[in-house]
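input_4.cif follows; it contains mmCIF, C-alpha atoms.
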```cif
data_target
loop_
_atom_site.group_PDB
_atom_site.id
_atom_site.type_symbol
_atom_site.label_atom_id
_atom_site.label_comp_id
_atom_site.auth_asym_id
_atom_site.auth_seq_id
_atom_site.Cartn_x
_atom_site.Cartn_y
_atom_site.Cartn_z
ATOM 1 C CA MET A 248 18.963 14.577 -65.739
ATOM 2 C CA THR A 249 20.651 12.547 -68.474
ATOM 3 C CA THR A 250 24.358 11.902 -68.948
ATOM 4 C CA VAL A 251 25.929 10.475 -72.088
ATOM 5 C CA ILE A 252 29.624 9.766 -72.609
ATOM 6 C CA PHE A 253 30.923 10.359 -76.124
ATOM 7 C CA PRO A 254 34.323 9.393 -77.557
ATOM 8 C CA GLY A 255 36.500 12.501 -77.925
ATOM 9 C CA ARG A 256 36.597 12.723 -81.691
ATOM 10 C CA PHE A 257 35.166 15.207 -84.170
ATOM 11 C CA GLU A 258 32.778 12.626 -85.568
ATOM 12 C CA SER A 259 31.002 12.717 -82.174
ATOM 13 C CA LEU A 260 30.040 16.386 -82.581
ATOM 14 C CA GLU A 261 26.871 15.631 -84.531
ATOM 15 C CA LYS A 262 25.717 13.035 -81.966
ATOM 16 C CA ILE A 263 26.451 15.428 -79.084
ATOM 17 C CA SER A 264 24.501 18.107 -80.926
ATOM 18 C CA LYS A 265 21.468 15.856 -81.374
ATOM 19 C CA PHE A 266 21.557 14.967 -77.684
ATOM 20 C CA VAL A 267 21.656 18.576 -76.437
ATOM 21 C CA LYS A 268 19.146 19.860 -79.005
ATOM 22 C CA LYS A 269 16.604 17.271 -77.898
ATOM 23 C CA ALA A 270 17.150 18.205 -74.251
ATOM 24 C CA ALA A 271 16.910 21.948 -75.018
ATOM 25 C CA ARG A 272 13.612 21.445 -76.848
ATOM 26 C CA ASN A 273 12.323 19.318 -73.973
ATOM 27 C CA ALA A 274 13.233 22.191 -71.662
ATOM 28 C CA GLY A 275 10.927 24.468 -73.646
ATOM 29 C CA LEU A 276 13.559 26.631 -75.340
ATOM 30 C CA GLY A 277 12.652 28.407 -78.601
ATOM 31 C CA GLU A 278 14.464 27.513 -81.824
ATOM 32 C CA ASP A 279 16.874 30.481 -81.675
ATOM 33 C CA ALA A 280 17.883 29.491 -78.146
ATOM 34 C CA VAL A 281 18.194 25.821 -79.182
ATOM 35 C CA TYR A 282 20.598 26.891 -81.956
ATOM 36 C CA GLY A 283 22.569 28.967 -79.448
ATOM 37 C CA VAL A 284 22.913 25.954 -77.167
ATOM 38 C CA GLU A 285 23.969 23.783 -80.124
ATOM 39 C CA LEU A 286 26.637 26.331 -81.134
ATOM 40 C CA ALA A 287 27.996 26.772 -77.594
ATOM 41 C CA VAL A 288 28.197 23.015 -76.972
ATOM 42 C CA ASP A 289 29.796 22.345 -80.362
ATOM 43 C CA GLU A 290 32.470 25.002 -79.769
ATOM 44 C CA ALA A 291 33.120 23.678 -76.243
ATOM 45 C CA CYS A 292 33.498 20.052 -77.365
ATOM 46 C CA SER A 293 35.622 20.988 -80.359
ATOM 47 C CA ASN A 294 37.929 22.939 -78.004
ATOM 48 C CA ILE A 295 38.156 19.932 -75.668
ATOM 49 C CA ILE A 296 39.348 17.656 -78.484
ATOM 50 C CA GLU A 297 41.720 20.234 -79.984
ATOM 51 C CA HIS A 298 43.149 21.824 -76.860
ATOM 52 C CA ALA A 299 42.429 19.737 -73.736
ATOM 53 C CA TYR A 300 43.123 16.367 -75.412
ATOM 54 C CA GLN A 301 45.256 17.841 -78.209
ATOM 55 C CA GLY A 302 43.948 15.268 -80.625
ATOM 56 C CA GLU A 303 41.201 12.818 -81.397
ATOM 57 C CA ASN A 304 40.614 9.533 -79.540
ATOM 58 C CA VAL A 305 42.606 10.597 -76.491
ATOM 59 C CA GLY A 306 39.762 10.784 -73.970
ATOM 60 C CA ASP A 307 35.992 10.988 -73.552
ATOM 61 C CA ILE A 308 33.535 13.858 -73.331
ATOM 62 C CA GLU A 309 30.861 13.506 -70.666
ATOM 63 C CA CYS A 310 27.764 15.558 -71.339
ATOM 64 C CA THR A 311 24.946 16.030 -68.832
ATOM 65 C CA CYS A 312 21.686 17.820 -69.602
ATOM 66 C CA GLU A 313 19.310 18.806 -66.851
ATOM 67 C CA VAL A 314 15.928 20.388 -67.492
ATOM 68 C CA THR A 315 15.338 23.022 -64.809
ATOM 69 C CA VAL A 316 12.398 25.255 -63.903
ATOM 70 C CA SER A 317 13.952 28.147 -65.828
ATOM 71 C CA GLY A 318 15.483 26.300 -68.783
ATOM 72 C CA ILE A 319 18.414 23.935 -69.182
ATOM 73 C CA LYS A 320 21.695 23.281 -67.416
ATOM 74 C CA ILE A 321 24.442 21.565 -69.409
ATOM 75 C CA VAL A 322 27.621 20.234 -67.867
ATOM 76 C CA ILE A 323 30.500 19.085 -70.082
ATOM 77 C CA CYS A 324 33.445 17.236 -68.520
ATOM 78 C CA ASP A 325 36.796 16.019 -69.845
ATOM 79 C CA ASN A 326 40.029 14.641 -68.406
ATOM 80 C CA GLY A 327 42.423 16.573 -70.614
ATOM 81 C CA GLN A 328 44.764 19.483 -69.969
ATOM 82 C CA PRO A 329 43.223 22.296 -67.893
ATOM 83 C CA PHE A 330 43.541 25.882 -69.089
ATOM 84 C CA ASP A 331 43.085 29.396 -67.773
ATOM 85 C CA PRO A 332 40.127 30.978 -69.582
ATOM 86 C CA GLY A 333 41.444 34.408 -68.536
ATOM 87 C CA GLN A 334 44.591 33.817 -70.609
ATOM 88 C CA VAL A 335 42.739 33.030 -73.833
ATOM 89 C CA PRO A 336 43.064 36.091 -76.096
ATOM 90 C CA LYS A 337 39.795 37.811 -76.880
ATOM 91 C CA PRO A 338 38.858 37.629 -80.547
ATOM 92 C CA ASP A 339 39.426 40.702 -82.674
ATOM 93 C CA LEU A 340 35.947 41.698 -83.800
ATOM 94 C CA SER A 341 36.626 45.206 -85.046
ATOM 95 C CA SER A 342 39.517 44.920 -87.530
ATOM 96 C CA PRO A 343 38.756 44.266 -91.200
ATOM 97 C CA VAL A 344 38.096 40.535 -91.596
ATOM 98 C CA GLU A 345 41.186 40.160 -93.846
ATOM 99 C CA GLU A 346 43.450 41.240 -90.984
ATOM 100 C CA ARG A 347 41.965 39.074 -88.256
ATOM 101 C CA LYS A 348 43.835 36.138 -86.804
ATOM 102 C CA LYS A 349 42.140 32.767 -87.066
ATOM 103 C CA GLY A 350 40.621 31.251 -83.941
ATOM 104 C CA GLY A 351 39.425 32.577 -80.616
ATOM 105 C CA LEU A 352 35.753 32.634 -81.523
ATOM 106 C CA GLY A 353 34.769 29.456 -79.644
ATOM 107 C CA LEU A 354 34.835 30.896 -76.122
ATOM 108 C CA PHE A 355 33.256 34.099 -77.401
ATOM 109 C CA TYR A 356 30.309 32.184 -78.865
ATOM 110 C CA ILE A 357 29.929 30.182 -75.632
ATOM 111 C CA ASP A 358 29.735 33.419 -73.611
ATOM 112 C CA GLN A 359 27.367 35.077 -76.052
ATOM 113 C CA MET A 360 25.006 32.180 -76.583
ATOM 114 C CA MET A 361 24.582 31.046 -72.989
ATOM 115 C CA ASP A 362 23.107 33.008 -70.074
ATOM 116 C CA GLU A 363 25.796 31.610 -67.777
ATOM 117 C CA ALA A 364 29.021 29.753 -68.547
ATOM 118 C CA ARG A 365 31.760 28.943 -66.056
ATOM 119 C CA PHE A 366 34.694 26.550 -65.885
ATOM 120 C CA GLU A 367 35.738 24.480 -62.884
ATOM 121 C CA PHE A 368 39.086 22.729 -62.829
ATOM 122 C CA THR A 369 39.880 20.005 -60.288
ATOM 123 C CA PRO A 370 42.829 17.597 -60.493
ATOM 124 C CA GLY A 371 42.195 15.336 -63.485
ATOM 125 C CA LYS A 372 38.826 16.817 -64.355
ATOM 126 C CA ASN A 373 37.709 19.893 -66.280
ATOM 127 C CA LYS A 374 34.121 20.966 -66.095
ATOM 128 C CA LEU A 375 32.147 23.553 -68.082
ATOM 129 C CA ILE A 376 28.787 24.461 -66.588
ATOM 130 C CA MET A 377 26.375 26.284 -68.877
ATOM 131 C CA ILE A 378 22.879 27.573 -68.275
ATOM 132 C CA LYS A 379 20.343 28.777 -70.811
ATOM 133 C CA HIS A 380 17.024 30.263 -69.763
ATOM 134 C CA LYS A 381 13.754 29.877 -71.632
ATOM 135 C CA MET B 637 26.949 15.303 -95.207
ATOM 136 C CA GLU B 638 27.319 15.756 -98.928
ATOM 137 C CA ILE B 639 29.214 18.346 -100.960
ATOM 138 C CA THR B 640 28.666 18.887 -104.667
ATOM 139 C CA THR B 641 30.131 21.351 -107.148
ATOM 140 C CA THR B 642 28.255 22.529 -110.235
ATOM 141 C CA GLN B 643 30.005 24.577 -112.882
ATOM 142 C CA TYR B 644 28.321 27.542 -114.554
ATOM 143 C CA ASN B 645 29.763 29.894 -117.154
ATOM 144 C CA ARG B 646 30.715 32.665 -114.778
ATOM 145 C CA CYS B 647 30.859 30.885 -111.412
ATOM 146 C CA ASP B 648 30.865 27.532 -109.608
ATOM 147 C CA VAL B 649 28.139 26.567 -107.146
ATOM 148 C CA VAL B 650 29.249 24.576 -104.110
ATOM 149 C CA LYS B 651 26.377 22.964 -102.241
ATOM 150 C CA MET B 652 26.667 21.267 -98.887
ATOM 151 C CA THR B 653 24.105 19.460 -96.771
ATOM 152 C CA GLY B 654 23.994 19.096 -92.984
ATOM 153 C CA ARG B 655 26.412 20.589 -90.493
ATOM 154 C CA VAL B 656 29.620 22.548 -91.025
ATOM 155 C CA ASP B 657 31.554 21.727 -87.846
ATOM 156 C CA THR B 658 35.129 20.767 -86.992
ATOM 157 C CA TYR B 659 34.523 17.315 -88.472
ATOM 158 C CA THR B 660 33.121 18.451 -91.815
ATOM 159 C CA ALA B 661 34.798 21.875 -92.282
ATOM 160 C CA PRO B 662 38.059 20.407 -93.687
ATOM 161 C CA LYS B 663 36.079 18.666 -96.440
ATOM 162 C CA LEU B 664 34.376 21.952 -97.336
ATOM 163 C CA GLN B 665 37.762 23.718 -97.348
ATOM 164 C CA GLU B 666 39.170 21.036 -99.689
ATOM 165 C CA THR B 667 36.271 21.550 -102.080
ATOM 166 C CA MET B 668 36.584 25.347 -102.019
ATOM 167 C CA ASP B 669 40.367 25.127 -102.492
ATOM 168 C CA ALA B 670 39.928 22.788 -105.467
ATOM 169 C CA VAL B 671 37.601 25.310 -107.122
ATOM 170 C CA VAL B 672 39.994 28.220 -106.542
ATOM 171 C CA GLU B 673 43.014 26.165 -107.658
ATOM 172 C CA SER B 674 41.210 25.268 -110.889
ATOM 173 C CA GLY B 675 41.318 28.961 -111.733
ATOM 174 C CA LYS B 676 37.700 29.762 -110.800
ATOM 175 C CA ASN B 677 37.392 32.601 -108.346
ATOM 176 C CA ASN B 678 33.661 33.315 -108.361
ATOM 177 C CA ILE B 679 31.908 30.909 -106.036
ATOM 178 C CA VAL B 680 28.310 30.607 -104.844
ATOM 179 C CA PHE B 681 27.946 28.612 -101.617
ATOM 180 C CA ASP B 682 24.435 27.158 -101.570
ATOM 181 C CA MET B 683 23.485 26.855 -97.888
ATOM 182 C CA SER B 684 19.841 25.891 -98.378
ATOM 183 C CA GLU B 685 20.517 22.543 -96.714
ATOM 184 C CA VAL B 686 23.125 23.669 -94.179
ATOM 185 C CA ASP B 687 21.484 23.721 -90.758
ATOM 186 C CA PHE B 688 24.522 24.474 -88.592
ATOM 187 C CA LEU B 689 27.801 26.360 -88.985
ATOM 188 C CA SER B 690 30.416 26.606 -86.225
ATOM 189 C CA SER B 691 33.362 29.005 -85.997
ATOM 190 C CA LYS B 692 35.427 26.460 -87.960
ATOM 191 C CA GLY B 693 32.928 26.696 -90.797
ATOM 192 C CA LEU B 694 32.989 30.469 -90.619
ATOM 193 C CA TRP B 695 36.790 30.445 -90.997
ATOM 194 C CA VAL B 696 36.479 28.225 -94.090
ATOM 195 C CA LEU B 697 34.194 30.838 -95.630
ATOM 196 C CA THR B 698 36.439 33.773 -94.699
ATOM 197 C CA GLU B 699 39.574 31.985 -95.960
ATOM 198 C CA THR B 700 37.811 31.178 -99.229
ATOM 199 C CA GLN B 701 36.590 34.761 -99.562
ATOM 200 C CA LYS B 702 40.162 36.023 -99.085
ATOM 201 C CA LYS B 703 41.486 33.635 -101.745
ATOM 202 C CA CYS B 704 38.746 34.610 -104.211
ATOM 203 C CA LYS B 705 39.241 38.341 -103.628
ATOM 204 C CA LYS B 706 42.990 38.010 -104.176
ATOM 205 C CA GLN B 707 42.138 36.878 -107.700
ATOM 206 C CA ARG B 708 39.498 39.578 -108.173
ATOM 207 C CA GLY B 709 36.704 37.114 -107.578
ATOM 208 C CA LYS B 710 34.137 36.711 -104.842
ATOM 209 C CA LEU B 711 32.401 34.146 -102.647
ATOM 210 C CA VAL B 712 28.679 34.791 -102.211
ATOM 211 C CA LEU B 713 26.205 32.867 -100.081
ATOM 212 C CA VAL B 714 22.664 31.819 -100.846
ATOM 213 C CA ASN B 715 19.780 30.719 -98.628
ATOM 214 C CA THR B 716 21.699 31.178 -95.385
ATOM 215 C CA ASP B 717 19.604 30.266 -92.356
ATOM 216 C CA GLU B 718 18.652 33.287 -90.251
ATOM 217 C CA LYS B 719 20.239 31.780 -87.127
ATOM 218 C CA ILE B 720 23.539 31.323 -88.960
ATOM 219 C CA ARG B 721 23.351 34.918 -90.258
ATOM 220 C CA LYS B 722 22.925 36.132 -86.697
ATOM 221 C CA SER B 723 26.077 34.242 -85.674
ATOM 222 C CA PHE B 724 27.973 36.106 -88.471
ATOM 223 C CA ASP B 725 26.633 39.446 -87.209
ATOM 224 C CA LEU B 726 27.689 38.650 -83.650
ATOM 225 C CA VAL B 727 31.353 38.518 -84.672
ATOM 226 C CA GLY B 728 31.195 41.455 -87.057
ATOM 227 C CA MET B 729 31.248 39.354 -90.223
ATOM 228 C CA GLY B 730 27.687 40.017 -91.340
ATOM 229 C CA ASP B 731 28.807 42.368 -94.111
ATOM 230 C CA TYR B 732 31.720 40.273 -95.322
ATOM 231 C CA PHE B 733 29.546 38.180 -97.613
ATOM 232 C CA ASP B 734 26.807 39.070 -100.066
ATOM 233 C CA ILE B 735 23.875 36.843 -99.149
ATOM 234 C CA PHE B 736 21.139 36.034 -101.665
ATOM 235 C CA ASP B 737 17.752 34.445 -101.036
ATOM 236 C CA ASP B 738 17.618 32.839 -104.440
ATOM 237 C CA LEU B 739 20.143 30.656 -106.285
ATOM 238 C CA THR B 740 19.341 32.144 -109.695
ATOM 239 C CA ALA B 741 19.962 35.660 -108.374
ATOM 240 C CA ALA B 742 23.250 34.555 -106.781
ATOM 241 C CA VAL B 743 24.514 32.917 -109.985
ATOM 242 C CA GLY B 744 23.227 35.884 -111.999
ATOM 243 C CA SER B 745 25.172 38.332 -109.820
ATOM 244 C CA PHE B 746 28.413 37.367 -111.615
#
```
Reformat the file's structure so that it appears as structure tokens.
Amino acid sequence: MTTVIFPGRFESLEKISKFVKKAARNAGLGEDAVYGVELAVDEACSNIIEHAYQGENVGDIECTCEVTVSGIKIVICDNGQPFDPGQVPKPDLSSPVEERKKGGLGLFYIDQMMDEARFEFTPGKNKLIMIKHK
Amino acid sequence: MEITTTQYNRCDVVKMTGRVDTYTAPKLQETMDAVVESGKNNIVFDMSEVDFLSSKGLWVLTETQKKCKKQRGKLVLVNTDEKIRKSFDLVGMGDYFDIFDDLTAAVGSF
């Protein structure tokens, strides 16, 4: 299990991506699954900076990767504003693209790309636990 | 990350290298906007060296497509990685862009 703490700014996204991709490959995931993990983690961290911290350089992003028997477990923590995932509007995927409202795809990609994804909110700490099988 | 623009007679080719994420997407949007504002509305986005595209990147492409179409132009993509194409399909945007496997064919489509 390896944990790295990254500064909460968009420039960190590439470094976070490299860290999780390496772990996902070490866990034996195929390249499509590695890309899925990269996309889910990128969307999650981007949301943390934009919504939980509401700006860059406000707080850190703690990322833990654990290689398991079945694949990889990734835990992403922040100390920003908590939110209710149930209140986030689902993206409109059926209307013509011209009529769709911007945003809302991040959580959708996280759900689609990972085998399991769940949030835990405790006072002062938000946690996203994601699992991807081989 | 590097973004270049090459002008052809009937279209401009925008080429980017690396990742299109929340950090780099605004720079891609700026480049696309500059092309459209210069009066060009046929754009080829060369993705042969783009290895990642997040939802922010996808919105840049859809916004650019809308702006081009408003002026009777079009944004087309070339050499889009299969994994990125799948992420378009997942959100029902797979048909929103013409995707070419070859730069010459993409430029020649205008």
Subject >> Expected answer as an MDAnalysis selection string: chain B residues within 7 Å of chain A, only C-alpha atoms >> reply: chainID B and resid 658:659 690:691 702 719 727:728
Those selected residues, please, written with C-alpha atoms and delivered as a PDB file, in the coordinates of the input.
```pdb
ATOM      1  CA  THR B 658      35.129  20.767 -86.992  1.00  0.00           C
ATOM      2  CA  TYR B 659      34.523  17.315 -88.472  1.00  0.00           C
ATOM      3  CA  SER B 690      30.416  26.606 -86.225  1.00  0.00           C
ATOM      4  CA  SER B 691      33.362  29.005 -85.997  1.00  0.00           C
ATOM      5  CA  LYS B 702      40.162  36.023 -99.085  1.00  0.00           C
ATOM      6  CA  LYS B 719      20.239  31.780 -87.127  1.00  0.00           C
ATOM      7  CA  VAL B 727      31.353  38.518 -84.672  1.00  0.00           C
ATOM      8  CA  GLY B 728      31.195  41.455 -87.057  1.00  0.00           C
TER       9      GLY B 728
END
```
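The gap separating CA of Lys337 (chain A) from CA of Val322 (chain A) is 23.2 Å, in Å to one decimal.
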Would you kindly identify which residues have an atom no farther than 10 Å from (34.3, 35.3, -94.5), using only C-alpha atoms and the file's own coordinates, and write them out as a short mmCIF file (atom, residue, chain, number, x, y, z; two decimals) with C-alpha atoms, in the frame of the given file?
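Output (result.cif):
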```
data_model
loop_
_atom_site.label_atom_id
_atom_site.label_comp_id
_atom_site.auth_asym_id
_atom_site.auth_seq_id
_atom_site.Cartn_x
_atom_site.Cartn_y
_atom_site.Cartn_z
CA VAL A 344 38.10 40.53 -91.60
CA GLU A 345 41.19 40.16 -93.85
CA GLY B 693 32.93 26.70 -90.80
CA LEU B 694 32.99 30.47 -90.62
CA TRP B 695 36.79 30.44 -91.00
CA VAL B 696 36.48 28.22 -94.09
CA LEU B 697 34.19 30.84 -95.63
CA THR B 698 36.44 33.77 -94.70
CA GLU B 699 39.57 31.98 -95.96
CA THR B 700 37.81 31.18 -99.23
CA GLN B 701 36.59 34.76 -99.56
CA LYS B 702 40.16 36.02 -99.08
CA LEU B 711 32.40 34.15 -102.65
CA VAL B 712 28.68 34.79 -102.21
CA PHE B 724 27.97 36.11 -88.47
CA MET B 729 31.25 39.35 -90.22
CA GLY B 730 27.69 40.02 -91.34
CA ASP B 731 28.81 42.37 -94.11
CA TYR B 732 31.72 40.27 -95.32
CA PHE B 733 29.55 38.18 -97.61
#
```
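Between CA of Asp331 (chain A) and CA of Ile378 (chain A) the interatomic distance comes to 20.3 Å.
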**OP:** Identify which of the residues B:Val714, B:Leu726, B:Met652, B:Ile720 lies closest to Thr740 (chain B), counting all atoms listed in the file when measuring atom-to-atom distances.
**Re:** B:Val714
Original post:
Taking the file as shown, what set of residues would the PyMOL selection byres ((chain B and resi 647) around 8) give back, as JSON, numbers by chain?
Top reply: {"B": [643, 644, 645, 646, 648, 649, 676, 677, 678, 679, 680, 743, 746]}
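CA of Pro332 (chain A) to CA of Glu309 (chain A) spans 19.8 Å [interatomic distance, one decimal].
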**OP:** Given the file shown, determine the residues that the PyMOL selection byres ((chain A and resi 363) around 10) selects; report them as a ChimeraX atom specification.
**Re:** /A:320,357-362,364-365,376-380
Would you export the selected residues with C-alpha atoms as a CSV table (one decimal), in the frame of the given file, please?
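Dumped to selection00.csv:
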```csv
chain,number,residue,atom,x,y,z
A,320,LYS,CA,21.7,23.3,-67.4
A,357,ILE,CA,29.9,30.2,-75.6
A,358,ASP,CA,29.7,33.4,-73.6
A,359,GLN,CA,27.4,35.1,-76.1
A,360,MET,CA,25.0,32.2,-76.6
A,361,MET,CA,24.6,31.0,-73.0
A,362,ASP,CA,23.1,33.0,-70.1
A,364,ALA,CA,29.0,29.8,-68.5
A,365,ARG,CA,31.8,28.9,-66.1
A,376,ILE,CA,28.8,24.5,-66.6
A,377,MET,CA,26.4,26.3,-68.9
A,378,ILE,CA,22.9,27.6,-68.3
A,379,LYS,CA,20.3,28.8,-70.8
A,380,HIS,CA,17.0,30.3,-69.8
```
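By chain and then residue number, the residues within 10 Å of Val650 (chain B) are Ile639, Thr640, Thr641, Thr642, Gln643, Cys647, Leu664, Thr667, Met668, Val671, Ile679, Val680, Phe681, Asp682, Met683 and Leu713 of chain B, counting only C-alpha atoms and disregarding those fewer than 3 positions away in sequence.
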Suppose we keep C-alpha atoms; can you now write the selection as a PDB file, in the coordinates of the input?
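selection-v5.pdb, written as the output of this step:
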```pdb
ATOM      1  CA  ILE B 639      29.214  18.346-100.960  1.00  0.00           C
ATOM      2  CA  THR B 640      28.666  18.887-104.667  1.00  0.00           C
ATOM      3  CA  THR B 641      30.131  21.351-107.148  1.00  0.00           C
ATOM      4  CA  THR B 642      28.255  22.529-110.235  1.00  0.00           C
ATOM      5  CA  GLN B 643      30.005  24.577-112.882  1.00  0.00           C
ATOM      6  CA  CYS B 647      30.859  30.885-111.412  1.00  0.00           C
ATOM      7  CA  LEU B 664      34.376  21.952 -97.336  1.00  0.00           C
ATOM      8  CA  THR B 667      36.271  21.550-102.080  1.00  0.00           C
ATOM      9  CA  MET B 668      36.584  25.347-102.019  1.00  0.00           C
ATOM     10  CA  VAL B 671      37.601  25.310-107.122  1.00  0.00           C
ATOM     11  CA  ILE B 679      31.908  30.909-106.036  1.00  0.00           C
ATOM     12  CA  VAL B 680      28.310  30.607-104.844  1.00  0.00           C
ATOM     13  CA  PHE B 681      27.946  28.612-101.617  1.00  0.00           C
ATOM     14  CA  ASP B 682      24.435  27.158-101.570  1.00  0.00           C
ATOM     15  CA  MET B 683      23.485  26.855 -97.888  1.00  0.00           C
ATOM     16  CA  LEU B 713      26.205  32.867-100.081  1.00  0.00           C
TER      17      LEU B 713
END
```
**OP:** Would you list the contacts of Cys312 (chain A) as number ranges by chain, taking every protein, DNA or RNA residue within 8 Å and counting all atoms listed in the file, but skipping same-chain residues closer than 5 positions in sequence?
**Re:** A: 248-250, 267, 270, 319-322
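Closest to Phe330 (chain A) among A:Gly277, A:Lys374, A:Lys381, A:Thr315 is A:Lys374, based on all atoms listed in the file.
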**OP:** Can you turn the PyMOL selection byres ((chain A and resi 371) around 9) into a concrete residue list for this file, as a ChimeraX atom specification?
**Re:** /A:325-329,368-370,372-373
Next, the residues of the selection above should be written as a compact mmCIF listing (two decimals), keeping the file's coordinate frame with C-alpha atoms.
```txt
# COMPACT_ATOMS: atom_id res chain seq x y z
CA ASP A 325 36.80 16.02 -69.84
CA ASN A 326 40.03 14.64 -68.41
CA GLY A 327 42.42 16.57 -70.61
CA GLN A 328 44.76 19.48 -69.97
CA PRO A 329 43.22 22.30 -67.89
CA PHE A 368 39.09 22.73 -62.83
CA THR A 369 39.88 20.00 -60.29
CA PRO A 370 42.83 17.60 -60.49
CA LYS A 372 38.83 16.82 -64.36
CA ASN A 373 37.71 19.89 -66.28
```
Subject >> Non-local contacts of Pro254 (chain A) (8 Å; all atoms listed in the file; under 4 positions in same chain excluded) as a PyMOL selection string >> reply: chain A and resi 259+304+306-308
